[in-house]
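Novice: Got a file for you: target_10.txt, compact mmCIF, C-alpha atoms and all ligand atoms.
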# COMPACT_ATOMS: atom_id res chain seq x y z
CA MET A 1 27.15 15.73 10.14
CA GLU A 2 30.08 14.84 7.94
CA TYR A 3 30.50 17.06 4.89
CA ILE A 4 31.97 15.70 1.67
CA GLU A 5 33.53 17.62 -1.20
CA ALA A 6 31.36 18.05 -4.28
CA LYS A 7 32.19 19.64 -7.60
CA THR A 8 28.66 19.62 -8.95
CA ILE A 9 25.14 19.27 -7.58
CA LEU A 10 22.99 19.30 -10.70
CA SER A 11 23.56 16.40 -13.03
CA GLY A 12 22.57 15.64 -16.57
CA TYR A 13 20.23 17.38 -18.88
CA ALA A 14 17.55 15.66 -20.88
CA GLU A 15 15.37 17.69 -23.18
CA SER A 16 12.45 15.35 -22.67
CA ASN A 17 12.83 12.71 -20.02
CA ASN A 18 10.18 10.04 -19.83
CA TRP A 19 10.69 9.73 -16.05
CA PHE A 20 8.19 12.32 -14.77
CA GLY A 21 9.45 14.78 -17.35
CA LEU A 22 12.53 15.56 -15.28
CA ASN A 23 15.30 17.43 -17.07
CA TYR A 24 17.96 17.48 -14.33
CA ASN A 25 18.78 15.46 -11.24
CA MET A 26 20.09 16.59 -7.91
CA ASN A 27 21.41 14.86 -4.79
CA LEU A 28 22.26 17.09 -1.85
CA TYR A 29 23.18 14.22 0.44
CA LYS A 30 25.09 10.97 0.02
CA GLY A 31 23.81 7.81 1.69
CA CYS A 32 20.46 7.29 3.38
CA CYS A 33 19.47 6.08 6.83
CA HIS A 34 15.90 4.95 6.13
CA GLY A 35 17.03 1.34 5.88
CA CYS A 36 14.58 0.08 3.21
CA ILE A 37 15.24 -3.61 2.68
CA TYR A 38 14.96 -3.31 -1.13
CA CYS A 39 17.08 -0.17 -1.59
CA ASP A 40 18.69 -0.14 -5.03
CA SER A 41 21.02 2.75 -4.22
CA ARG A 42 23.22 0.49 -2.12
CA SER A 43 24.07 -1.62 -5.19
CA GLU A 44 27.76 -2.08 -5.84
CA CYS A 45 27.66 -0.16 -9.13
CA TYR A 46 27.03 3.13 -7.28
CA ARG A 47 30.08 2.66 -5.08
CA ILE A 48 28.64 4.33 -1.99
CA GLU A 49 30.55 3.14 1.05
CA GLU A 50 28.69 2.88 4.35
CA PHE A 51 25.44 3.66 2.58
CA ASP A 52 23.44 3.98 5.82
CA ARG A 53 25.56 6.92 6.98
CA VAL A 54 24.22 10.22 5.64
CA ARG A 55 26.77 12.77 4.54
CA ALA A 56 25.99 16.26 3.24
CA LYS A 57 27.69 17.82 0.25
CA LYS A 58 29.89 20.70 1.27
CA ASP A 59 28.81 24.15 0.05
CA ALA A 60 25.91 22.50 -1.77
CA LEU A 61 23.80 25.64 -1.97
CA ILE A 62 26.65 27.84 -3.22
CA ILE A 63 27.48 25.32 -5.95
CA LEU A 64 23.83 24.86 -6.84
CA GLU A 65 23.16 28.56 -7.14
CA GLY A 66 26.12 28.93 -9.51
CA GLU A 67 24.82 26.05 -11.63
CA LEU A 68 21.22 27.25 -11.74
CA ALA A 69 22.32 30.71 -12.76
CA ALA A 70 24.72 29.43 -15.43
CA LYS A 71 22.46 26.91 -17.20
CA ARG A 72 21.28 28.02 -20.59
CA LYS A 73 18.07 26.06 -20.19
CA ASN A 74 15.88 25.74 -17.16
CA GLY A 75 13.60 22.74 -16.62
CA THR A 76 12.32 20.41 -13.92
CA ILE A 77 14.79 19.06 -11.37
CA GLY A 78 14.44 15.59 -9.89
CA VAL A 79 15.32 15.14 -6.21
CA GLY A 80 15.48 11.94 -4.21
CA ALA A 81 16.85 9.36 -6.65
CA MET A 82 19.86 8.07 -4.68
CA SER A 83 19.08 9.31 -1.18
CA ASP A 84 15.95 10.53 0.57
CA THR A 85 16.57 14.25 0.76
CA TYR A 86 14.30 14.52 3.82
CA ASN A 87 16.57 12.54 6.13
CA PRO A 88 16.40 13.31 9.89
CA PHE A 89 19.35 15.75 9.67
CA GLU A 90 17.58 17.92 7.12
CA LYS A 91 15.24 19.16 9.85
CA GLU A 92 18.08 21.16 11.33
CA LEU A 93 20.34 21.66 8.31
CA GLU A 94 17.66 22.90 5.90
CA ILE A 95 19.83 22.17 2.86
CA THR A 96 16.88 20.80 0.88
CA ARG A 97 14.78 23.78 1.88
CA GLY A 98 17.56 26.10 0.75
CA ALA A 99 17.82 24.28 -2.57
CA LEU A 100 14.06 24.53 -3.14
CA LYS A 101 14.24 28.27 -2.52
CA LEU A 102 16.97 28.54 -5.15
CA ILE A 103 14.90 26.44 -7.57
CA ASP A 104 12.11 28.93 -6.99
CA LYS A 105 14.39 31.95 -7.38
CA TYR A 106 15.74 30.76 -10.73
CA ARG A 107 12.32 29.59 -11.91
CA TYR A 108 12.89 25.87 -12.34
CA GLY A 109 10.35 23.15 -11.60
CA VAL A 110 10.84 20.24 -9.22
CA GLY A 111 9.88 16.56 -8.95
CA LEU A 112 10.70 15.25 -5.49
CA SER A 113 10.13 11.79 -4.04
CA THR A 114 10.38 10.97 -0.35
CA LYS A 115 9.23 8.66 2.42
CA SER A 116 9.36 11.36 5.05
CA THR A 117 6.67 13.64 6.41
CA LEU A 118 9.27 16.40 6.77
CA ILE A 119 8.35 17.42 3.23
CA THR A 120 5.29 19.24 4.63
CA ARG A 121 7.61 21.82 6.22
CA ASP A 122 8.36 23.14 2.72
CA ILE A 123 4.81 23.44 1.44
CA ASP A 124 5.24 27.22 1.24
CA VAL A 125 8.20 26.87 -1.14
CA PHE A 126 6.47 24.22 -3.28
CA LYS A 127 3.49 26.55 -3.59
CA SER A 128 5.73 29.38 -4.66
CA ILE A 129 7.47 27.20 -7.30
CA SER A 130 4.13 25.96 -8.61
CA ARG A 131 3.18 29.54 -9.49
CA HIS A 132 5.67 29.46 -12.35
CA SER A 133 6.79 25.84 -12.95
CA PRO A 134 5.66 22.22 -12.54
CA VAL A 135 5.87 20.63 -9.10
CA LEU A 136 5.46 16.90 -8.53
CA ALA A 137 5.47 15.93 -4.84
CA MET A 138 5.71 12.14 -4.58
CA PHE A 139 5.57 9.72 -1.70
CA THR A 140 6.91 6.24 -2.16
CA VAL A 141 4.48 3.75 -0.65
CA THR A 142 4.68 -0.02 -1.03
CA ALA A 143 2.82 -1.39 2.00
CA ALA A 144 -0.63 -0.22 3.09
CA ASP A 145 -0.19 -1.75 6.51
CA ASP A 146 1.97 0.18 8.99
CA ALA A 147 3.27 -3.00 10.65
CA LEU A 148 4.56 -4.32 7.31
CA CYS A 149 5.92 -0.88 6.39
CA LYS A 150 7.94 -0.89 9.61
CA VAL A 151 9.64 -4.11 8.51
CA ILE A 152 10.19 -3.09 4.88
CA GLU A 153 11.13 0.58 5.41
CA PRO A 154 12.14 0.57 9.10
CA ARG A 155 13.35 4.12 9.60
CA ALA A 156 11.13 6.00 7.16
CA SER A 157 7.85 7.66 8.21
CA LEU A 158 4.99 5.19 8.61
CA THR A 159 2.66 4.69 5.66
CA SER A 160 -0.26 6.24 7.57
CA ASP A 161 1.87 9.29 8.34
CA ARG A 162 2.94 9.59 4.71
CA PHE A 163 -0.72 9.64 3.72
CA SER A 164 -1.46 12.35 6.30
CA ALA A 165 1.39 14.36 4.77
CA LEU A 166 -0.02 13.71 1.29
CA LYS A 167 -3.31 15.17 2.47
CA GLU A 168 -1.59 18.31 3.72
CA ILE A 169 0.29 18.76 0.48
CA SER A 170 -2.60 18.01 -1.86
CA SER A 171 -4.87 20.31 0.19
CA ALA A 172 -2.37 23.08 -0.47
CA GLY A 173 -3.03 22.63 -4.19
CA ILE A 174 0.27 20.95 -5.01
CA PHE A 175 0.25 18.23 -7.66
CA SER A 176 1.03 15.16 -5.59
CA GLY A 177 0.77 11.41 -5.70
CA LEU A 178 2.56 8.12 -5.22
CA LEU A 179 5.42 6.07 -6.48
CA MET A 180 4.04 2.63 -5.65
CA MET A 181 7.26 0.71 -6.10
CA PRO A 182 8.80 -1.72 -5.68
CA ILE A 183 5.86 -4.03 -4.96
CA LEU A 184 7.78 -6.96 -3.51
CA PRO A 185 7.00 -10.46 -4.82
CA PHE A 186 5.39 -12.79 -2.26
CA ILE A 187 5.20 -9.97 0.30
CA GLU A 188 3.20 -7.04 -1.09
CA ASP A 189 1.75 -8.50 -4.29
CA ASN A 190 -1.76 -9.09 -3.05
CA VAL A 191 -4.91 -7.35 -4.22
CA GLU A 192 -5.80 -6.19 -0.73
CA ASN A 193 -2.54 -4.28 -0.34
CA ILE A 194 -2.78 -2.65 -3.76
CA ILE A 195 -6.44 -1.69 -3.42
CA SER A 196 -5.85 -0.23 0.06
CA ILE A 197 -3.00 1.94 -1.25
CA VAL A 198 -5.19 3.25 -4.09
CA ASP A 199 -8.06 3.92 -1.68
CA MET A 200 -5.83 5.84 0.72
CA THR A 201 -4.34 7.84 -2.14
CA TYR A 202 -7.81 8.88 -3.23
CA GLU A 203 -8.95 9.68 0.31
CA ASN A 204 -5.92 11.90 0.83
CA GLY A 205 -6.13 13.85 -2.40
CA GLY A 206 -3.39 12.14 -4.44
CA LYS A 207 -3.75 12.70 -8.17
CA PHE A 208 -1.48 9.98 -9.51
CA ILE A 209 0.12 6.63 -8.72
CA TYR A 210 3.00 5.25 -10.74
CA PRO A 211 3.36 1.51 -10.02
CA GLY A 212 6.25 -0.93 -10.22
CA PHE A 213 5.11 -4.52 -9.83
CA GLY A 214 8.30 -6.27 -8.85
CA VAL A 215 11.78 -5.54 -7.56
CA THR A 216 15.16 -5.30 -9.22
CA LEU A 217 18.10 -6.96 -7.49
CA ARG A 218 21.79 -6.35 -8.09
CA GLN A 219 24.98 -7.20 -6.24
CA ASN A 220 25.17 -5.87 -2.67
CA GLN A 221 21.52 -4.96 -2.84
CA ARG A 222 20.60 -8.63 -3.27
CA ALA A 223 22.75 -9.63 -0.30
CA TRP A 224 21.16 -6.92 1.85
CA TYR A 225 17.67 -7.93 0.71
CA TYR A 226 18.23 -11.62 1.37
CA TYR A 227 19.68 -10.82 4.78
CA ALA A 228 16.44 -8.90 5.58
CA LEU A 229 14.29 -11.74 4.22
CA ASP A 230 16.05 -14.27 6.44
CA LYS A 231 15.52 -12.02 9.43
CA ASN A 232 11.89 -11.12 8.82
CA PHE A 233 10.40 -13.69 6.44
CA PRO A 234 11.98 -17.08 7.18
CA GLY A 235 12.04 -19.37 4.14
CA LEU A 236 11.29 -16.67 1.59
CA LYS A 237 14.87 -16.28 0.39
CA GLN A 238 14.79 -19.84 -0.94
CA LYS A 239 11.59 -19.08 -2.82
CA TYR A 240 13.27 -16.07 -4.48
CA ILE A 241 16.32 -18.15 -5.40
CA GLU A 242 14.14 -20.86 -6.95
CA GLU A 243 11.91 -18.38 -8.78
CA TYR A 244 14.40 -15.75 -9.95
CA GLY A 245 17.93 -17.16 -9.58
CA ASN A 246 20.32 -14.28 -10.22
CA ARG A 247 17.93 -12.33 -12.40
CA TYR A 248 17.97 -8.55 -12.21
CA GLU A 249 14.27 -8.11 -12.77
CA CYS A 250 12.07 -10.01 -10.34
CA SER A 251 8.50 -9.34 -11.46
CA ILE A 252 5.51 -10.39 -9.41
CA LYS A 253 4.04 -13.70 -10.56
CA ASN A 254 0.39 -12.56 -10.50
CA TYR A 255 1.01 -9.45 -12.60
CA GLU A 256 -2.19 -9.67 -14.70
CA GLN A 257 -4.46 -9.99 -11.69
CA ILE A 258 -2.76 -7.24 -9.68
CA SER A 259 -2.39 -4.73 -12.50
CA LYS A 260 -6.02 -5.22 -13.52
CA ALA A 261 -7.22 -4.62 -9.96
CA PHE A 262 -4.96 -1.57 -9.75
CA ARG A 263 -6.15 -0.02 -13.02
CA GLU A 264 -9.81 -0.62 -12.27
CA ARG A 265 -9.54 0.99 -8.84
CA CYS A 266 -7.62 3.99 -10.17
CA ASP A 267 -10.11 4.44 -13.02
CA LYS A 268 -12.94 4.41 -10.50
CA TYR A 269 -11.41 7.39 -8.70
CA GLY A 270 -9.92 9.20 -11.70
CA ILE A 271 -6.37 8.65 -10.42
CA ILE A 272 -3.90 8.75 -13.31
CA TYR A 273 -1.17 6.11 -13.58
CA ARG A 274 0.37 6.28 -17.06
CA MET A 275 3.64 8.21 -17.16
CA LYS A 276 2.57 10.16 -20.23
CA ASP A 277 -0.58 11.36 -18.45
CA ILE A 278 1.29 12.26 -15.27
CA ILE A 279 3.81 14.36 -17.21
CA GLU A 280 1.09 16.03 -19.23
CA TYR A 281 -0.95 16.83 -16.13
CA SER A 282 2.08 18.19 -14.26
CA ARG A 283 2.76 20.58 -17.11
CA SER A 284 -0.78 21.71 -17.75
CA GLY A 285 -1.28 25.37 -17.03
CA TYR A 286 2.37 26.20 -17.69
CA ASN A 287 3.96 27.30 -20.92
CA LYS A 288 3.79 24.46 -23.36
CA GLU A 289 7.50 24.87 -23.79
CA GLN A 290 8.57 24.70 -20.14
CA ILE A 291 12.21 24.54 -21.18
CA SER A 292 13.21 28.04 -22.15
CA PHE A 293 16.35 29.89 -23.00
CA PHE A 294 17.37 32.58 -20.56
S1 LIG B 301 14.52 6.00 1.27
FE1 LIG B 301 15.27 5.46 -0.78
S2 LIG B 301 17.48 5.80 -0.71
FE2 LIG B 301 16.75 5.71 1.41
S3 LIG B 301 17.04 3.58 2.03
FE3 LIG B 301 14.92 3.81 1.27
S4 LIG B 301 15.05 3.23 -0.91
FE4 LIG B 301 17.14 3.66 -0.21
Could you rewrite the structure in this file as structure tokens?
Ligand code: SF4
Specialist:
Amino acid sequence: MEYIEAKTILSGYAESNNWFGLNYNMNLYKGCCHGCIYCDSRSECYRIEEFDRVRAKKDALIILEGELAAKRKNGTIGVGAMSDTYNPFEKELEITRGALKLIDKYRYGVGLSTKSTLITRDIDVFKSISRHSPVLAMFTVTAADDALCKVIEPRASLTSDRFSALKEISSAGIFSGLLMMPILPFIEDNVENIISIVDMTYENGGKFIYPGFGVTLRQNQRAWYYYALDKNFPGLKQKYIEEYGNRYECSIKNYEQISKAFRERCDKYGIIYRMKDIIEYSRSGYNKEQISFF
């Protein structure tokens, strides 16, 4: 493992963030080796060289502990925005586990998204955090079918394994669910795929699904995505070019049909999908004012 210098681990503070109610963000690693064909984090604007090579931040836990102790306000910390924190190296390094223990010690909450089953290793720490603060354990799932998942997210855990992990986590009483995004136009935007994902979420105890019906494409990321399309879906690149040109937002064309099917299926099971409801649910049972002065 290569270690890189880091001055800070926690970034930003938002009193009320409309993205899962997260107040801070944290990346313990740089780069990600899961190889998702749609990965936004490899876009040029983030300036991450050799994105597929995972590097760990040097002295991450020492820096993080100093920051957690010094903050005047606690809150909920987002993990997993620019790199999946449960990469294969984490199994041995336990940097994420160490960070979660610190989050618990200093009584912060956590909202973590991953595509790895390694998250189940830390169920004990999530349970401990949830005794005092919100915990949102999220799996990103875009393809119900394992064979398609293997093409779209080649080195992440299989969809079926992610759902088994969801079952373990939800059975432990942790508030958990799905980020169902990005649903890729012409690949994953069919009712069967969406309905299957909702069904599996319900069967495995997920409480929420937050959807994203489309993909965003920027420089670098677009080139990587088109390269993957040429390799795995011959002819589809041309369809994207004709349909979206250089547009950043590439929404699915059958949005009305898909979102209706999604909402109806979620309503049937009582799965929540509006951000406001997810945030409210995650905070229920805790002090109304989760942000507090030390
Ligand atoms: S897991 Fe996330 S950060 Fe890693 S390659 Fe996939 S989309 Fe990118």
Novice: Just checking: using all atoms listed in the file, which residue out of A:Pro182, A:Pro234, A:Gly109, A:Gly206 ends up closest to ligand LIG 301 (chain B)?
Specialist: A:Pro182
Novice: At a cut-off of 9 Å and counting all atoms listed in the file, what residues surround ligand LIG 301 (chain B)? Please answer as a PyMOL selection string.
Specialist: chain A and resi 31-42+51-52+80-87+113-116+140+153-156
Novice: Convert the current residue selection to file output with C-alpha atoms, as a compact mmCIF listing (two decimals), in the coordinates of the input.
Specialist:
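Once everything was written out, this is part_14.txt:
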# COMPACT_ATOMS: atom_id res chain seq x y z
CA GLY A 31 23.81 7.81 1.69
CA CYS A 32 20.46 7.29 3.38
CA CYS A 33 19.47 6.08 6.83
CA HIS A 34 15.90 4.95 6.13
CA GLY A 35 17.03 1.34 5.88
CA CYS A 36 14.58 0.08 3.21
CA ILE A 37 15.24 -3.61 2.68
CA TYR A 38 14.96 -3.31 -1.13
CA CYS A 39 17.08 -0.17 -1.59
CA ASP A 40 18.69 -0.14 -5.03
CA SER A 41 21.02 2.75 -4.22
CA ARG A 42 23.22 0.49 -2.12
CA PHE A 51 25.44 3.66 2.58
CA ASP A 52 23.44 3.98 5.82
CA GLY A 80 15.48 11.94 -4.21
CA ALA A 81 16.85 9.36 -6.65
CA MET A 82 19.86 8.07 -4.68
CA SER A 83 19.08 9.31 -1.18
CA ASP A 84 15.95 10.53 0.57
CA THR A 85 16.57 14.25 0.76
CA TYR A 86 14.30 14.52 3.82
CA ASN A 87 16.57 12.54 6.13
CA SER A 113 10.13 11.79 -4.04
CA THR A 114 10.38 10.97 -0.35
CA LYS A 115 9.23 8.66 2.42
CA SER A 116 9.36 11.36 5.05
CA THR A 140 6.91 6.24 -2.16
CA GLU A 153 11.13 0.58 5.41
CA PRO A 154 12.14 0.57 9.10
CA ARG A 155 13.35 4.12 9.60
CA ALA A 156 11.13 6.00 7.16
Novice: I'd like to know which of A:Met138, A:Glu188, A:Asp122, A:Lys73 is closest to Arg97 in chain A, using only C-alpha atoms.
Specialist: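 Comparing A:Met138, A:Glu188, A:Asp122, A:Lys73 against Arg97 in chain A, the winner is A:Asp122.
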Novice: Please compute the CA of Ile252 in chain A-CA of Tyr210 in chain A distance, one decimal, in Å.
Specialist: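 Atom-to-atom, CA of Ile252 in chain A and CA of Tyr210 in chain A are spaced 15.9 Å apart.
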Novice: Quick one: everything within 12 Å of Phe213 in chain A, counting only C-alpha atoms, minus sequence neighbours fewer than 2 positions away in the same chain. Send it as a ChimeraX atom specification.
Specialist: /A:142,179-191,194,210-211,215-216,249-260,262
Novice: When distances are computed from only C-alpha atoms, which of A:Ala223, A:Ser170, A:Ser284, A:Leu10 shows the smallest separation from Ala70 in chain A?
Specialist: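 Residue with the minimum atom-to-atom distance to Ala70 in chain A: A:Leu10.
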Novice: Give me the residues within 6 Å of Lys58 in chain A as a list in words, counting only C-alpha atoms and dropping any in the same chain fewer than 5 places off.
Specialist: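 Near neighbours after the sequence-gap exclusion: Tyr3, Ile4 and Glu5 of chain A.
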Novice: When distances are computed from only C-alpha atoms, which of A:Arg47, A:Asn74, A:Tyr29, A:Met200 shows the smallest separation from Ala14 in chain A?
Specialist: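 Among the listed residues, A:Asn74 lies closest to Ala14 in chain A.
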Novice: Which value, in Å to one decimal, gives the distance between CA of Leu22 in chain A and CA of Ile279 in chain A?
Specialist: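 These atoms are spaced 9.0 Å apart.
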Novice: When distances are computed from only C-alpha atoms, which of A:Glu49, A:Glu243, A:Glu203, A:Asp145 shows the smallest separation from Lys167 in chain A?
Specialist: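 Looking only at the distances to Lys167 in chain A, the closest residue turns out to be A:Glu203.
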